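Trainee: mmCIF, C-alpha atoms, saved as model-v7.cif, coming up:
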```
data_start
#
loop_
_atom_site.group_PDB
_atom_site.id
_atom_site.type_symbol
_atom_site.label_atom_id
_atom_site.label_comp_id
_atom_site.auth_asym_id
_atom_site.auth_seq_id
_atom_site.Cartn_x
_atom_site.Cartn_y
_atom_site.Cartn_z
ATOM 1 C CA MET A 110 -43.155 34.071 10.654
ATOM 2 C CA PRO A 111 -42.182 36.605 7.963
ATOM 3 C CA LYS A 112 -45.069 38.703 6.725
ATOM 4 C CA VAL A 113 -45.342 41.290 3.981
ATOM 5 C CA LYS A 114 -48.172 43.795 4.004
ATOM 6 C CA LEU A 115 -48.959 46.132 1.142
ATOM 7 C CA ILE A 116 -49.570 49.584 2.562
ATOM 8 C CA GLU A 117 -49.845 51.677 -0.566
ATOM 9 C CA GLU A 118 -49.413 51.075 -4.261
ATOM 10 C CA SER A 119 -49.498 53.023 -7.490
ATOM 11 C CA SER A 120 -47.760 52.268 -10.770
ATOM 12 C CA ASN A 121 -44.661 54.244 -9.830
ATOM 13 C CA GLU A 122 -44.582 53.843 -6.073
ATOM 14 C CA VAL A 123 -44.997 50.952 -3.661
ATOM 15 C CA THR A 124 -44.878 50.916 0.151
ATOM 16 C CA LEU A 125 -44.535 47.595 1.975
ATOM 17 C CA GLN A 126 -44.514 46.669 5.631
ATOM 18 C CA LEU A 127 -42.108 43.836 6.350
ATOM 19 C CA ASP A 128 -42.653 41.936 9.599
ATOM 20 C CA GLY A 129 -40.466 39.234 11.089
ATOM 21 C CA ILE A 130 -37.712 39.828 8.570
ATOM 22 C CA ASP A 131 -34.094 40.461 9.452
ATOM 23 C CA ARG A 132 -32.954 44.054 9.035
ATOM 24 C CA SER A 133 -29.987 42.907 6.948
ATOM 25 C CA TYR A 134 -32.240 40.945 4.581
ATOM 26 C CA ALA A 135 -34.672 43.853 4.239
ATOM 27 C CA ASN A 136 -31.804 46.224 3.541
ATOM 28 C CA ALA A 137 -30.369 43.796 0.980
ATOM 29 C CA VAL A 138 -33.696 43.905 -0.862
ATOM 30 C CA ARG A 139 -33.604 47.710 -0.790
ATOM 31 C CA ARG A 140 -30.061 47.815 -2.131
ATOM 32 C CA PHE A 141 -30.884 45.269 -4.827
ATOM 33 C CA CYS A 142 -33.744 47.505 -6.005
ATOM 34 C CA ILE A 143 -31.161 50.210 -6.632
ATOM 35 C CA SER A 144 -28.167 48.366 -8.008
ATOM 36 C CA GLU A 145 -29.081 44.867 -9.217
ATOM 37 C CA VAL A 146 -32.464 45.029 -10.946
ATOM 38 C CA PRO A 147 -31.794 45.517 -14.683
ATOM 39 C CA SER A 148 -33.487 48.173 -16.765
ATOM 40 C CA MET A 149 -33.178 49.482 -20.305
ATOM 41 C CA ALA A 150 -31.090 52.512 -21.312
ATOM 42 C CA ILE A 151 -29.256 53.711 -24.395
ATOM 43 C CA ASP A 152 -25.605 52.705 -24.164
ATOM 44 C CA ASP A 153 -23.957 52.842 -27.605
ATOM 45 C CA VAL A 154 -24.589 55.747 -29.936
ATOM 46 C CA VAL A 155 -23.341 55.859 -33.524
ATOM 47 C CA ILE A 156 -23.400 59.504 -34.598
ATOM 48 C CA LEU A 157 -23.764 59.859 -38.348
ATOM 49 C CA GLU A 158 -24.238 63.602 -38.387
ATOM 50 C CA ASN A 159 -24.271 66.238 -35.681
ATOM 51 C CA SER A 160 -24.130 69.894 -36.612
ATOM 52 C CA SER A 161 -25.948 70.984 -33.445
ATOM 53 C CA VAL A 162 -24.285 73.124 -30.790
ATOM 54 C CA LEU A 163 -23.990 70.163 -28.419
ATOM 55 C CA TYR A 164 -20.885 67.978 -28.633
ATOM 56 C CA ASP A 165 -21.387 64.343 -29.638
ATOM 57 C CA GLU A 166 -20.497 63.207 -26.107
ATOM 58 C CA ILE A 167 -23.061 65.471 -24.457
ATOM 59 C CA LEU A 168 -25.760 64.395 -26.889
ATOM 60 C CA ALA A 169 -24.918 60.722 -26.293
ATOM 61 C CA HIS A 170 -24.973 61.263 -22.530
ATOM 62 C CA ARG A 171 -28.374 62.951 -22.729
ATOM 63 C CA LEU A 172 -29.693 60.014 -24.761
ATOM 64 C CA GLY A 173 -28.343 57.635 -22.142
ATOM 65 C CA MET A 174 -30.281 59.364 -19.369
ATOM 66 C CA VAL A 175 -33.646 58.950 -21.134
ATOM 67 C CA PRO A 176 -35.699 56.355 -19.197
ATOM 68 C CA ILE A 177 -36.875 53.589 -21.523
ATOM 69 C CA LYS A 178 -39.795 51.237 -20.994
ATOM 70 C CA THR A 179 -38.348 47.850 -20.104
ATOM 71 C CA ASP A 180 -39.549 44.310 -20.749
ATOM 72 C CA LEU A 181 -37.498 41.902 -18.651
ATOM 73 C CA GLU A 182 -39.245 38.866 -20.160
ATOM 74 C CA ARG A 183 -38.158 39.515 -23.723
ATOM 75 C CA TYR A 184 -34.699 40.927 -23.283
ATOM 76 C CA ILE A 185 -31.640 39.564 -21.517
ATOM 77 C CA LEU A 186 -28.471 41.163 -20.216
ATOM 78 C CA PRO A 187 -25.760 41.316 -22.934
ATOM 79 C CA GLU A 188 -23.300 39.389 -20.712
ATOM 80 C CA LYS A 189 -25.808 36.532 -20.514
ATOM 81 C CA CYS A 190 -26.428 36.568 -24.278
ATOM 82 C CA ASP A 191 -24.609 34.093 -26.491
ATOM 83 C CA CYS A 192 -24.420 36.348 -29.577
ATOM 84 C CA GLY A 193 -20.971 37.741 -28.690
ATOM 85 C CA SER A 194 -21.511 40.746 -30.939
ATOM 86 C CA PRO A 195 -20.287 44.108 -29.598
ATOM 87 C CA LEU A 196 -23.543 45.822 -30.550
ATOM 88 C CA GLY A 197 -25.695 42.849 -29.547
ATOM 89 C CA CYS A 198 -28.516 40.944 -31.215
ATOM 90 C CA HIS A 199 -32.326 41.052 -31.141
ATOM 91 C CA LYS A 200 -32.340 39.372 -27.721
ATOM 92 C CA CYS A 201 -30.077 41.830 -25.952
ATOM 93 C CA ARG A 202 -30.446 45.222 -27.586
ATOM 94 C CA VAL A 203 -32.913 47.553 -29.234
ATOM 95 C CA LEU A 204 -32.024 49.991 -31.992
ATOM 96 C CA LEU A 205 -33.459 53.497 -31.891
ATOM 97 C CA VAL A 206 -32.922 55.886 -34.789
ATOM 98 C CA LEU A 207 -32.984 59.657 -34.644
ATOM 99 C CA ASP A 208 -33.108 61.764 -37.776
ATOM 100 C CA ALA A 209 -34.030 65.392 -37.248
ATOM 101 C CA SER A 210 -33.200 68.654 -38.933
ATOM 102 C CA ALA A 211 -34.349 72.237 -38.663
ATOM 103 C CA GLN A 212 -35.338 73.773 -41.983
ATOM 104 C CA ASP A 213 -35.997 77.490 -41.705
ATOM 105 C CA LYS A 214 -37.138 77.686 -38.099
ATOM 106 C CA GLN A 215 -35.543 76.767 -34.780
ATOM 107 C CA LYS A 216 -36.529 73.281 -33.711
ATOM 108 C CA THR A 217 -36.454 71.263 -30.509
ATOM 109 C CA VAL A 218 -35.696 67.569 -30.866
ATOM 110 C CA TYR A 219 -37.692 65.469 -28.412
ATOM 111 C CA SER A 220 -37.380 61.909 -27.131
ATOM 112 C CA GLY A 221 -40.552 61.195 -29.122
ATOM 113 C CA ASP A 222 -38.545 61.697 -32.324
ATOM 114 C CA LEU A 223 -36.575 58.534 -31.559
ATOM 115 C CA VAL A 224 -37.880 55.727 -33.753
ATOM 116 C CA SER A 225 -37.546 52.344 -32.074
ATOM 117 C CA GLU A 226 -37.370 49.030 -33.899
ATOM 118 C CA ASP A 227 -39.486 47.562 -31.078
ATOM 119 C CA ARG A 228 -42.826 49.283 -30.487
ATOM 120 C CA ASP A 229 -42.909 48.461 -26.771
ATOM 121 C CA ILE A 230 -39.362 49.536 -25.983
ATOM 122 C CA ARG A 231 -39.397 53.317 -26.238
ATOM 123 C CA PRO A 232 -38.846 56.389 -24.044
ATOM 124 C CA ILE A 233 -41.411 56.635 -21.224
ATOM 125 C CA SER A 234 -42.069 60.259 -22.132
ATOM 126 C CA GLU A 235 -42.336 61.716 -25.627
ATOM 127 C CA THR A 236 -41.554 65.270 -24.556
ATOM 128 C CA ILE A 237 -38.041 65.124 -23.121
ATOM 129 C CA PRO A 238 -36.002 67.783 -24.956
ATOM 130 C CA LEU A 239 -32.767 66.270 -26.294
ATOM 131 C CA VAL A 240 -31.293 69.196 -28.239
ATOM 132 C CA LYS A 241 -32.347 72.432 -29.886
ATOM 133 C CA LEU A 242 -31.412 73.023 -33.505
ATOM 134 C CA ALA A 243 -30.838 76.312 -35.322
ATOM 135 C CA PRO A 244 -32.071 76.561 -38.937
ATOM 136 C CA GLY A 245 -29.935 74.364 -41.160
ATOM 137 C CA GLN A 246 -28.587 72.185 -38.353
ATOM 138 C CA SER A 247 -29.299 68.489 -38.201
ATOM 139 C CA VAL A 248 -28.759 65.415 -36.053
ATOM 140 C CA LYS A 249 -28.660 61.883 -37.369
ATOM 141 C CA LEU A 250 -27.769 58.943 -35.194
ATOM 142 C CA GLU A 251 -28.302 55.323 -34.268
ATOM 143 C CA ALA A 252 -28.689 54.552 -30.576
ATOM 144 C CA TYR A 253 -28.460 51.063 -29.110
ATOM 145 C CA ALA A 254 -30.396 50.510 -25.893
ATOM 146 C CA ARG A 255 -29.559 47.532 -23.709
ATOM 147 C CA LEU A 256 -30.252 46.141 -20.284
ATOM 148 C CA GLY A 257 -27.822 47.124 -17.566
ATOM 149 C CA ARG A 258 -27.589 47.441 -13.812
ATOM 150 C CA GLY A 259 -27.507 50.458 -11.530
ATOM 151 C CA LYS A 260 -24.134 49.410 -10.112
ATOM 152 C CA GLU A 261 -22.581 49.980 -13.537
ATOM 153 C CA HIS A 262 -24.139 53.382 -14.272
ATOM 154 C CA ALA A 263 -26.914 55.382 -12.592
ATOM 155 C CA LYS A 264 -28.854 55.539 -15.875
ATOM 156 C CA TRP A 265 -29.761 51.862 -15.360
ATOM 157 C CA GLN A 266 -31.085 52.461 -11.859
ATOM 158 C CA PRO A 267 -34.781 51.499 -12.047
ATOM 159 C CA CYS A 268 -35.850 53.383 -8.917
ATOM 160 C CA SER A 269 -35.335 56.927 -7.792
ATOM 161 C CA VAL A 270 -36.040 56.324 -4.107
ATOM 162 C CA ALA A 271 -35.685 53.101 -2.137
ATOM 163 C CA SER A 272 -35.910 53.669 1.585
ATOM 164 C CA LEU A 273 -36.115 51.395 4.598
ATOM 165 C CA THR A 274 -37.465 52.860 7.808
ATOM 166 C CA ASP A 275 -38.205 51.355 11.201
ATOM 167 C CA GLY A 276 -41.769 50.196 11.783
ATOM 168 C CA LYS A 277 -43.719 50.146 15.017
ATOM 169 C CA THR A 278 -42.074 47.086 16.561
ATOM 170 C CA GLY A 279 -38.473 45.916 16.688
ATOM 171 C CA ASP A 280 -38.545 43.558 13.731
ATOM 172 C CA SER A 281 -40.897 45.574 11.545
ATOM 173 C CA PHE A 282 -39.691 47.705 8.643
ATOM 174 C CA VAL A 283 -41.285 49.880 5.996
ATOM 175 C CA LEU A 284 -39.827 49.570 2.506
ATOM 176 C CA LYS A 285 -40.719 52.355 0.092
ATOM 177 C CA VAL A 286 -39.709 52.069 -3.539
ATOM 178 C CA GLU A 287 -40.357 54.741 -6.130
ATOM 179 C CA SER A 288 -39.848 53.839 -9.768
ATOM 180 C CA ALA A 289 -38.010 56.100 -12.213
ATOM 181 C CA GLY A 290 -40.453 54.970 -14.900
ATOM 182 C CA SER A 291 -38.850 52.132 -16.840
ATOM 183 C CA LEU A 292 -40.366 49.394 -14.655
ATOM 184 C CA PRO A 293 -43.455 49.369 -12.411
ATOM 185 C CA ALA A 294 -42.488 49.761 -8.734
ATOM 186 C CA ARG A 295 -43.993 46.378 -7.835
ATOM 187 C CA GLU A 296 -41.902 44.594 -10.463
ATOM 188 C CA ILE A 297 -38.711 46.208 -9.144
ATOM 189 C CA VAL A 298 -39.281 44.786 -5.653
ATOM 190 C CA VAL A 299 -40.301 41.334 -6.910
ATOM 191 C CA LYS A 300 -37.267 41.193 -9.201
ATOM 192 C CA ALA A 301 -34.947 42.365 -6.397
ATOM 193 C CA VAL A 302 -36.114 39.503 -4.161
ATOM 194 C CA GLN A 303 -35.697 37.042 -7.038
ATOM 195 C CA ILE A 304 -32.129 38.152 -7.777
ATOM 196 C CA LEU A 305 -31.223 38.087 -4.076
ATOM 197 C CA GLU A 306 -32.609 34.545 -3.855
ATOM 198 C CA GLU A 307 -30.540 33.476 -6.885
ATOM 199 C CA LYS A 308 -27.387 34.962 -5.378
ATOM 200 C CA LEU A 309 -27.964 33.239 -2.036
ATOM 201 C CA GLN A 310 -28.402 29.929 -3.847
ATOM 202 C CA GLU A 311 -25.141 30.518 -5.693
ATOM 203 C CA ILE A 312 -23.398 30.898 -2.331
ATOM 204 C CA GLN A 313 -24.981 27.669 -1.061
ATOM 205 C CA VAL A 314 -23.791 25.822 -4.142
ATOM 206 C CA SER A 315 -20.283 27.236 -3.983
ATOM 207 C CA VAL A 316 -19.801 26.251 -0.326
ATOM 208 C CA GLY A 317 -21.120 22.788 -1.151
ATOM 209 C CA GLU A 318 -24.383 22.836 0.742
ATOM 210 C CA LYS A 319 -26.479 21.926 -2.277
ATOM 211 C CA MET B 262 -26.784 74.319 -21.709
ATOM 212 C CA MET B 263 -30.173 72.572 -21.578
ATOM 213 C CA ILE B 264 -32.362 71.226 -18.794
ATOM 214 C CA PRO B 265 -30.880 67.954 -17.436
ATOM 215 C CA ILE B 266 -33.038 64.919 -18.208
ATOM 216 C CA ARG B 267 -32.896 63.346 -14.761
ATOM 217 C CA CYS B 268 -32.549 64.736 -11.274
ATOM 218 C CA PHE B 269 -28.854 64.693 -10.306
ATOM 219 C CA THR B 270 -29.587 63.325 -6.851
ATOM 220 C CA CYS B 271 -32.446 60.830 -7.082
ATOM 221 C CA GLY B 272 -32.585 60.079 -10.810
ATOM 222 C CA SER B 273 -36.270 60.746 -11.434
ATOM 223 C CA LEU B 274 -37.321 62.252 -14.748
ATOM 224 C CA VAL B 275 -37.433 66.064 -14.783
ATOM 225 C CA GLY B 276 -36.533 66.956 -18.396
ATOM 226 C CA ASP B 277 -40.052 66.781 -19.813
ATOM 227 C CA LYS B 278 -41.463 69.116 -17.148
ATOM 228 C CA PHE B 279 -39.266 72.145 -17.714
ATOM 229 C CA SER B 280 -41.133 73.806 -20.579
ATOM 230 C CA THR B 281 -44.438 73.672 -18.654
ATOM 231 C CA PHE B 282 -42.696 75.083 -15.593
ATOM 232 C CA GLU B 283 -41.045 77.857 -17.586
ATOM 233 C CA THR B 284 -44.201 79.007 -19.390
ATOM 234 C CA LYS B 285 -46.369 78.919 -16.271
ATOM 235 C CA VAL B 286 -43.858 80.775 -14.101
ATOM 236 C CA LYS B 287 -43.267 83.391 -16.804
ATOM 237 C CA ALA B 288 -47.038 83.855 -16.942
ATOM 238 C CA GLY B 289 -46.901 84.828 -13.281
ATOM 239 C CA GLU B 290 -47.827 81.640 -11.410
ATOM 240 C CA ASP B 291 -46.234 80.733 -8.089
ATOM 241 C CA PRO B 292 -43.232 78.445 -8.781
ATOM 242 C CA ALA B 293 -43.904 76.356 -5.663
ATOM 243 C CA LYS B 294 -47.434 75.634 -6.815
ATOM 244 C CA VAL B 295 -46.332 74.737 -10.343
ATOM 245 C CA LEU B 296 -43.744 72.321 -8.944
ATOM 246 C CA ASP B 297 -46.431 70.685 -6.787
ATOM 247 C CA GLU B 298 -48.699 70.314 -9.816
ATOM 248 C CA LEU B 299 -45.860 68.692 -11.755
ATOM 249 C CA GLY B 300 -45.526 66.104 -8.979
ATOM 250 C CA LEU B 301 -42.023 67.066 -7.869
ATOM 251 C CA LYS B 302 -42.180 66.565 -4.129
ATOM 252 C CA ARG B 303 -38.518 66.293 -3.128
ATOM 253 C CA TYR B 304 -36.301 69.353 -2.987
ATOM 254 C CA CYS B 305 -33.617 67.628 -5.068
ATOM 255 C CA CYS B 306 -35.959 67.473 -8.079
ATOM 256 C CA ARG B 307 -37.445 70.911 -7.410
ATOM 257 C CA ARG B 308 -34.081 72.666 -7.482
ATOM 258 C CA MET B 309 -33.378 71.062 -10.894
ATOM 259 C CA LEU B 310 -36.139 73.163 -12.479
ATOM 260 C CA ILE B 311 -35.756 76.260 -10.296
ATOM 261 C CA SER B 312 -32.035 76.635 -10.959
ATOM 262 C CA SER B 313 -31.941 75.656 -14.627
ATOM 263 C CA VAL B 314 -31.162 78.223 -17.336
ATOM 264 C CA ASP B 315 -31.345 77.105 -20.967
ATOM 265 C CA VAL B 316 -28.138 78.781 -22.157
ATOM 266 C CA ILE B 317 -28.649 77.131 -25.554
ATOM 267 C CA ASP B 318 -31.358 79.730 -26.246
ATOM 268 C CA GLN B 319 -28.745 82.483 -25.959
ATOM 269 C CA VAL B 320 -26.321 80.648 -28.235
ATOM 270 C CA LEU B 321 -28.630 79.530 -31.043
ATOM 271 C CA PRO B 322 -29.295 83.006 -32.582
ATOM 272 C CA PHE B 323 -25.632 83.085 -33.602
ATOM 273 C CA PHE B 324 -26.057 79.952 -35.682
ATOM 274 C CA GLY B 325 -28.365 79.724 -38.568
ATOM 275 C CA LYS B 326 -27.788 80.233 -42.220
ATOM 276 C CA LYS B 327 -27.387 77.022 -44.120
ATOM 277 C CA GLY B 328 -23.782 75.982 -44.510
ATOM 278 C CA THR B 329 -22.317 78.659 -42.257
ATOM 279 C CA ASN B 330 -22.655 76.846 -38.976
ATOM 280 C CA TYR B 331 -20.306 74.337 -37.376
#
```
Rewrite the coordinates I just gave you, this time as structure tokens.
Mentor:
Amino acid sequence: MPKVKLIEESSNEVTLQLDGIDRSYANAVRRFCISEVPSMAIDDVVILENSSVLYDEILAHRLGMVPIKTDLERYILPEKCDCGSPLGCHKCRVLLVLDASAQDKQKTVYSGDLVSEDRDIRPISETIPLVKLAPGQSVKLEAYARLGRGKEHAKWQPCSVASLTDGKTGDSFVLKVESAGSLPAREIVVKAVQILEEKLQEIQVSVGEK
Amino acid sequence: MMIPIRCFTCGSLVGDKFSTFETKVKAGEDPAKVLDELGLKRYCCRRMLISSVDVIDQVLPFFGKKGTNY
């Protein structure tokens, strides 16, 4: 009989003991934590003004790496959305605006300077340096965050560590998942199992078993 | 140019910890201890801070007066 025991839990880390579960199934859950569970990250950036020393591409890439608090209940993956718009709609994307300039002193632009249209969907830390500006330089941009999966780009990977180690007996495993911050560790595991379940059902349907 | 936002290897957030690390180490604290305090336990994340040099600080003094920079 499969059994799951919670060994340790904090908001960003969860350790589970899995008993009576196939190694391949346990490993599938681990891999799904990394590559299938969606999370929020900035994907499209419209640069209106950039006189900083960083190129537009580098700035956009830095924005993409910023972990963003994710709500999987309220937002859906753009490919599952029926809006068909390249920049998405209110169900599949969040707009964040950045408008910063240095007047007569050098200034560091932080992730906290991003103004989100949704209060709950914002960077998990306010103090991530994005760029430094010399006096007179300014950055003005619109960034569109959307849900994506780790298999598409590592910025959408919700966990930093997902490891599966052997337990005490032959069919016992220890699954350790550490969140990168956008989702609580527990939610990542639960969602991974859910997605795996959905995929297995799809297979059953396509081979005509259901 | 600037401190990377995430660890190259594991993807955990390191960008917001660099300024604390820099000021504390420059004040004479033991880097290993500072990294422990910041909660960076894997060596992949620790090397991100240890090996980072903010080259942008060396470049910025050459930019400045309004209208002259590009």
Trainee: Select, as a PyMOL selection string, those residues of chain B with any atom no more than 10 Å from chain A (distances computed using all atoms listed in the file).
Mentor: chain B and resi 262-280+317-318+320-331
Trainee: What do you get, as a JSON list (two decimals) with C-alpha atoms, in the frame of the given file, if you spell out every residue that the PyMOL selection byres ((chain B and resi 283) around 10) selects here?
Mentor:
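selection27.json, freshly written:
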```
[["chain", "number", "residue", "atom", "x", "y", "z"],
["B", 278, "LYS", "CA", -41.46, 69.12, -17.15],
["B", 279, "PHE", "CA", -39.27, 72.14, -17.71],
["B", 280, "SER", "CA", -41.13, 73.81, -20.58],
["B", 281, "THR", "CA", -44.44, 73.67, -18.65],
["B", 282, "PHE", "CA", -42.70, 75.08, -15.59],
["B", 284, "THR", "CA", -44.20, 79.01, -19.39],
["B", 285, "LYS", "CA", -46.37, 78.92, -16.27],
["B", 286, "VAL", "CA", -43.86, 80.78, -14.10],
["B", 287, "LYS", "CA", -43.27, 83.39, -16.80],
["B", 288, "ALA", "CA", -47.04, 83.86, -16.94],
["B", 290, "GLU", "CA", -47.83, 81.64, -11.41],
["B", 292, "PRO", "CA", -43.23, 78.44, -8.78],
["B", 295, "VAL", "CA", -46.33, 74.74, -10.34],
["B", 310, "LEU", "CA", -36.14, 73.16, -12.48],
["B", 311, "ILE", "CA", -35.76, 76.26, -10.30],
["B", 313, "SER", "CA", -31.94, 75.66, -14.63],
["B", 314, "VAL", "CA", -31.16, 78.22, -17.34]]
```
Trainee: Select, from A:Ala252, A:Cys142, A:Val314, A:Val154, the residue with the minimum atom-to-atom distance to Glu296 in chain A, counting all atoms listed in the file.
Mentor: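 Closest to Glu296 in chain A of all the choices is A:Cys142.
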Trainee: Take CA of Val248 in chain A and CA of Glu226 in chain A and report the distance between them in Å, one decimal.
Mentor: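 That distance, rounded to one decimal, is 18.6 Å.
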Trainee: Could you jot down the CA of Ala254 in chain A to CA of Leu205 in chain A separation for me, Å, one decimal place?
Mentor: 7.4 Å
Trainee: Of the residues A:Tyr253, A:Thr179, A:Val146, A:Leu168, which is the one nearest to Gln303 in chain A, using only C-alpha atoms?
Mentor: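 The closest residue to Gln303 in chain A is A:Val146.
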Trainee: To one decimal in Å, tell me the separation between CA of Lys178 in chain A and CA of Asp165 in chain A.
Mentor: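 Interatomic distance, CA of Lys178 in chain A to CA of Asp165 in chain A: 24.2 Å.
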Trainee: Only N, CA and C atoms, as a JSON list (two decimals), in the first residue's frame: that is what I want for range 173-184 of chain A.
Mentor:
```json
[["chain", "number", "residue", "atom", "x", "y", "z"],
["A", 173, "GLY", "N", 13.71, 38.66, -16.75],
["A", 173, "GLY", "CA", 13.14, 37.32, -16.87],
["A", 173, "GLY", "C", 13.53, 36.41, -15.71],
["A", 174, "MET", "N", 14.73, 36.60, -15.18],
["A", 174, "MET", "CA", 15.21, 35.73, -14.11],
["A", 174, "MET", "C", 14.58, 36.04, -12.75],
["A", 175, "VAL", "N", 13.94, 37.20, -12.63],
["A", 175, "VAL", "CA", 13.37, 37.59, -11.33],
["A", 175, "VAL", "C", 12.22, 36.64, -10.96],
["A", 176, "PRO", "N", 12.31, 35.95, -9.81],
["A", 176, "PRO", "CA", 11.22, 35.05, -9.42],
["A", 176, "PRO", "C", 9.98, 35.86, -9.02],
["A", 177, "ILE", "N", 8.84, 35.47, -9.53],
["A", 177, "ILE", "CA", 7.60, 36.22, -9.28],
["A", 177, "ILE", "C", 6.58, 35.33, -8.58],
["A", 178, "LYS", "N", 5.97, 35.89, -7.56],
["A", 178, "LYS", "CA", 4.95, 35.17, -6.79],
["A", 178, "LYS", "C", 3.86, 34.69, -7.74],
["A", 179, "THR", "N", 3.49, 33.44, -7.63],
["A", 179, "THR", "CA", 2.58, 32.84, -8.61],
["A", 179, "THR", "C", 1.27, 32.41, -7.96],
["A", 180, "ASP", "N", 0.16, 32.66, -8.67],
["A", 180, "ASP", "CA", -1.14, 32.17, -8.24],
["A", 180, "ASP", "C", -1.70, 31.29, -9.34],
["A", 181, "LEU", "N", -1.62, 29.97, -9.14],
["A", 181, "LEU", "CA", -2.04, 29.05, -10.20],
["A", 181, "LEU", "C", -3.56, 28.95, -10.32],
["A", 182, "GLU", "N", -4.29, 29.48, -9.33],
["A", 182, "GLU", "CA", -5.75, 29.44, -9.39],
["A", 182, "GLU", "C", -6.27, 30.51, -10.35],
["A", 183, "ARG", "N", -5.62, 31.66, -10.32],
["A", 183, "ARG", "CA", -6.17, 32.80, -11.07],
["A", 183, "ARG", "C", -5.61, 32.96, -12.47],
["A", 184, "TYR", "N", -4.46, 32.35, -12.72],
["A", 184, "TYR", "CA", -3.88, 32.53, -14.04],
["A", 184, "TYR", "C", -3.72, 31.19, -14.76]]
```
